[in-house]
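Report on the following structure.
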Protein chains: 2
Amino acid sequence: MTGSFLLPKPPEKIPELEEIFLPVKKDLALAERILRSWPKNTPVVLRRLSTGAIHRRGKLIRPGILLLIAGHLGVSQKKRAAALAAAVETMHLASLIHDDIIDRSAFRRGVKTALEKFGPDFSLLLGDFLFIHSLATSFSVKDPAITALLTEAAREMIEGETEELASSYNFNLSQKRYMKIIAKKTASLFRATCRLACRLGEASLRETRALEDYGFNLGLTFQIIDDLLDITGDPKKTGKPVFSDLKEGRITLPLIIALKKSDDRGKEELKRRLENFKNNPETEIPGLILDWLKKSGALQDTLSQASILAEKARTSLKALNPTAHRESLARLIDFVLWRNN
Amino acid sequence: MTGSFLLPKPPEKIPELEEIFLPVKKDLALAERILRSWPKNTPVVLRRLSTGAIHRRGKLIRPGILLLIAGHLGVSQKKRAAALAAAVETMHLASLIHDDIIDRSAFRRGVKTALEKFGPDFSLLLGDFLFIHSLATSFSVKDPAITALLTEAAREMIEGETEELASSYNFNLSQKRYMKIIAKKTASLFRATCRLACRLGEASLRETRALEDYGFNLGLTFQIIDDLLDITGDPKKTGKPVFSDLKEGRITLPLIIALKKSDDRGKEELKRRLENFKNNPETEIPGLILDWLKKSGALQDTLSQASILAEKARTSLKALNPTAHRESLARLIDFVLWRNN
């Protein structure tokens, strides 16, 4: 099946996030302020930890999506939407902080991780605090269904991460299983972000379904490109070393495809190389693995698969009325698919 | 101030939990079944981890309190009360699992911890999962105020743990600050347990206040005795080595009192010993620290302080109508104060 895809063509100009989120610039700024504010009685130590972890400028993709959809649906309660956008980003940050502990990641987007700054113990508690803070923030919207949706997304995220960890160094991981894992780990929060905005904006069932599909497929695309950038990305732009996933034994789509395409001898050779990379990352040359991934066509196939999902997301948007917000949601797909960081 | 307390007398027979929880035996069994049940689509790996972590028989003190209060208030919806009891215990377990990672604890109550069984990465995700599962379980009661109460308790718990971690090896930790930390870390969930039961049972404001005070002071007593048992407990009964807290730099009430009672030379000597215990736990003799704690009267003073809080809890119960359940809540105070594990 793989190898038969046509390689997608990038747009003439890859859109920038600032430009994509222009229709909700003010709302996003409000969401950021909420994101950096804490209940009055928050202990100094947690305030310091949280500010340190949130300070680095994230992409704010999830809050951006939520606010674009809220804008599209004409939600007038800007503060509620911004609070919810902050809650979703806080949930994402909590999960990143715990992920970085598990992956022993010292850098993310070129900035020291909480793990590197504060050590594993404080980072663990900080992640817990942000999980709870996210749900508490969602309470401010005073709609139990919204907190329930966010809780459900958090559960799926944690389930996906646990299943991923259990699949470390499993060279027999199937593509189907990989997709199931990233659906939970990443796409569930993207989908929940859209659902939450739909609930807030009292979207029709038709709109809700379309936007759920949009979020889900965009989330899958996002994760596949993330996994691809781990191999092909420029560390200066991604802000983290290449082959970070591989160092932790994460078997991602490019590897799965390459393994599938190899004959038995090739498979054994690759497994040996990967095992060696695990035990002696210094002696194994990532360049050789990269060459092999390139030659097998796995990198191109991975991009093709991501672009198919991106097109699904694009198709979903057709069910919506044309607005500037819908236009931004569409351009976000291009950003996610073609970004270099 | 310390040293002037009269030593409290233990009751003739220290009550056993089984006997204390007899009035709610069936409800507690139902709560345990809920505690060990998972949504149908829970991944196998998390099911295995959760079951492994919950299998060891905990004391179930918090569920017991919740059900005793529900019984006292005549709550007829047994299933709701049991679900909430399970949610509270799940929250407690989540926090224990993360605590054990931070404290590098291999054993608890004589059984391997999740950390020891599954390693830090799976334990981290398991704790996250149980936090979220606890809140999700509380949704089944369909009262947003109840989920909000549980979330607030979780936040306080995490705040307390973070402040405690930030106070490691702080030999100048004041008794006031210690009390604030254990109030958040431990007493907040005890108090929330009582509040939740009151909400469920539509208790009067007077009853609610009395039971909140009961829970809060019982929680403080519980933690002080826990800290005392870390020093004086029989490892065969507590199931963990003595001086576990000290090994992690936790400065607890006995130490604070002993430091306060020492002259400057004694203080320096103790700090030197504790520092040595930190760096070379093998060469320092815990027996010497124990002797010093005994001689200073700090252990007796700690017990006195715990018993004052226990009496406060006892006084609070007087505001309630006399029932078998109230009687059990009173006997629980004796158990918490005089337990040896």
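Letters for chains follow the order of the structure tokens (A, B, ...), residue numbers begin at 1 for each chain, and ligand numbers begin at 1 in the order shown.
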
Using only C-alpha atoms, find each residue of chain A with at least one atom at most 9 Å away from an atom of chain B; report its shortest atom-to-atom pair and that distance in Å (one decimal), sort the rows by chain and rising residue number, and return the result as a tab-separated table.
```
residue	atom	partner	partner_atom	distance
A:Thr42	CA	B:Glu159	CA	7.7
A:Pro43	CA	B:Glu159	CA	6.9
A:Val44	CA	B:Glu163	CA	8.8
A:Val45	CA	B:Glu163	CA	6.8
A:Leu46	CA	B:Thr162	CA	7.2
A:His98	CA	B:Leu124	CA	7.6
A:Ile101	CA	B:Asp121	CA	7.9
A:Ile102	CA	B:Asp121	CA	5.4
A:Asp103	CA	B:Asp121	CA	8.8
A:Pro120	CA	B:Ile102	CA	8.1
A:Asp121	CA	B:Ile102	CA	5.4
A:Phe122	CA	B:Thr162	CA	6.9
A:Leu124	CA	B:His98	CA	7.6
A:Leu125	CA	B:Thr162	CA	6.4
A:Leu126	CA	B:Thr162	CA	8.0
A:Asp128	CA	B:Ile158	CA	7.0
A:Phe129	CA	B:Ile158	CA	6.2
A:Phe131	CA	B:Asp128	CA	8.5
A:Ile132	CA	B:Arg155	CA	6.2
A:His133	CA	B:Arg155	CA	7.4
A:Leu135	CA	B:Thr151	CA	7.7
A:Ala136	CA	B:Thr151	CA	6.8
A:Phe139	CA	B:Ala148	CA	7.4
A:Lys142	CA	B:Pro144	CA	8.5
A:Asp143	CA	B:Pro144	CA	8.5
A:Pro144	CA	B:Pro144	CA	6.0
A:Ala148	CA	B:Ala136	CA	7.3
A:Thr151	CA	B:Ile132	CA	6.5
A:Glu152	CA	B:Ala136	CA	7.7
A:Ala154	CA	B:Ile132	CA	7.1
A:Arg155	CA	B:Ile132	CA	6.2
A:Ile158	CA	B:Phe129	CA	6.2
A:Glu159	CA	B:Pro43	CA	6.9
A:Gly160	CA	B:Pro43	CA	8.8
A:Glu161	CA	B:Leu125	CA	7.6
A:Thr162	CA	B:Leu125	CA	6.4
A:Glu163	CA	B:Val45	CA	6.8
A:Leu165	CA	B:Phe122	CA	7.6
A:Ala166	CA	B:Val45	CA	7.3
```

Give me the residues near B:Gly249 as a ChimeraX atom specification, where near means some atom within 8 Å (using only C-alpha atoms) and where sequence neighbours in that chain fewer than 5 positions away do not count.
/B:168-169,278

For the selection just defined, write its residues with N, CA and C atoms to a file, as a compact mmCIF listing (two decimals), in the first residue's frame.
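Output below, filename part-v7.txt:
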```txt
# COMPACT_ATOMS: atom_id res chain seq x y z
N SER B 168 12.61 20.76 51.94
CA SER B 168 13.53 19.67 52.27
C SER B 168 14.82 20.23 52.86
N TYR B 169 15.29 19.56 53.89
CA TYR B 169 16.55 19.96 54.55
C TYR B 169 16.55 21.40 55.03
N LYS B 278 22.24 12.42 55.54
CA LYS B 278 21.86 12.67 54.14
C LYS B 278 22.94 12.13 53.19
```

Using DSSP on the backbone coordinates, identify all residues within stretch 105-261 of chain A classified as strand (DSSP E); present the result as a list in words.
Phe107, Arg108, Val111 and Lys112 of chain A

For the residues in the current selection, export C-alpha atoms as an mmCIF file, in the first residue's frame.
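What ended up in again.cif:
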```
data_model
loop_
_atom_site.group_PDB
_atom_site.id
_atom_site.type_symbol
_atom_site.label_atom_id
_atom_site.label_comp_id
_atom_site.auth_asym_id
_atom_site.auth_seq_id
_atom_site.Cartn_x
_atom_site.Cartn_y
_atom_site.Cartn_z
ATOM 1 C CA PHE A 107 15.194 20.909 25.631
ATOM 2 C CA ARG A 108 11.985 21.682 23.814
ATOM 3 C CA VAL A 111 14.313 26.231 25.706
ATOM 4 C CA LYS A 112 15.160 24.232 28.818
#
```

Excluding B:Ser204 and residues on its chain fewer than 4 positions from it, collect all residues at most 12 Å away from it, counting only C-alpha atoms, and give them as number ranges by chain.
B: 73, 195, 197-200, 208-211, 319-321

Keeping N, CA and C atoms for every residue in the selection just given, could you write it to a file as a short mmCIF file (atom, residue, chain, number, x, y, z; two decimals), in the first residue's frame?
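Once written, part.cif looks like this:
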```
data_model
loop_
_atom_site.label_atom_id
_atom_site.label_comp_id
_atom_site.auth_asym_id
_atom_site.auth_seq_id
_atom_site.Cartn_x
_atom_site.Cartn_y
_atom_site.Cartn_z
N LEU B 73 -26.08 10.53 58.28
CA LEU B 73 -27.03 11.49 57.72
C LEU B 73 -28.21 10.80 57.02
N ARG B 195 -16.81 16.97 53.84
CA ARG B 195 -17.67 17.92 53.12
C ARG B 195 -18.50 17.22 52.06
N ALA B 197 -19.44 14.11 51.94
CA ALA B 197 -20.49 13.31 52.56
C ALA B 197 -21.63 14.22 53.02
N CYS B 198 -21.28 15.39 53.55
CA CYS B 198 -22.31 16.33 54.02
C CYS B 198 -23.16 16.83 52.86
N ARG B 199 -22.50 17.11 51.75
CA ARG B 199 -23.22 17.58 50.56
C ARG B 199 -24.19 16.49 50.09
N LEU B 200 -23.68 15.27 50.06
CA LEU B 200 -24.49 14.14 49.60
C LEU B 200 -25.68 13.93 50.53
N THR B 208 -22.35 20.35 58.99
CA THR B 208 -21.26 20.43 58.01
C THR B 208 -20.01 21.03 58.65
N ARG B 209 -20.21 22.15 59.35
CA ARG B 209 -19.05 22.79 59.99
C ARG B 209 -18.39 21.87 60.99
N ALA B 210 -19.21 21.19 61.80
CA ALA B 210 -18.67 20.29 62.82
C ALA B 210 -17.87 19.17 62.15
N LEU B 211 -18.41 18.62 61.07
CA LEU B 211 -17.75 17.49 60.43
C LEU B 211 -16.52 17.92 59.64
N ALA B 319 -21.47 17.96 68.29
CA ALA B 319 -22.55 18.71 67.64
C ALA B 319 -23.52 17.78 66.90
N LEU B 320 -23.14 16.50 66.76
CA LEU B 320 -23.99 15.58 65.98
C LEU B 320 -24.92 14.79 66.90
N ASN B 321 -26.05 14.36 66.33
CA ASN B 321 -26.92 13.45 67.07
C ASN B 321 -26.17 12.15 67.35
#
```

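The interatomic distance for the pair atom CA of B:Gly297 and atom CA of B:Phe243 works out to 17.7 Å.
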
Please indicate the distance in Å from atom CA of B:Leu229 to atom CA of B:Glu164, rounded to one decimal place.
18.3 Å

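The nearest approach to A:Leu115 among the residues A:Asp234, A:Asp100, A:Glu19, A:Glu12, with only C-alpha atoms taken into account, belongs to A:Asp100.
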
Could you list, as a PyMOL selection string, every residue within 9 Å of A:Ile20, counting only C-alpha atoms and ignoring same-chain residues fewer than 4 positions away?
chain A and resi 15-16+24+64+325+327-329+331-332+335
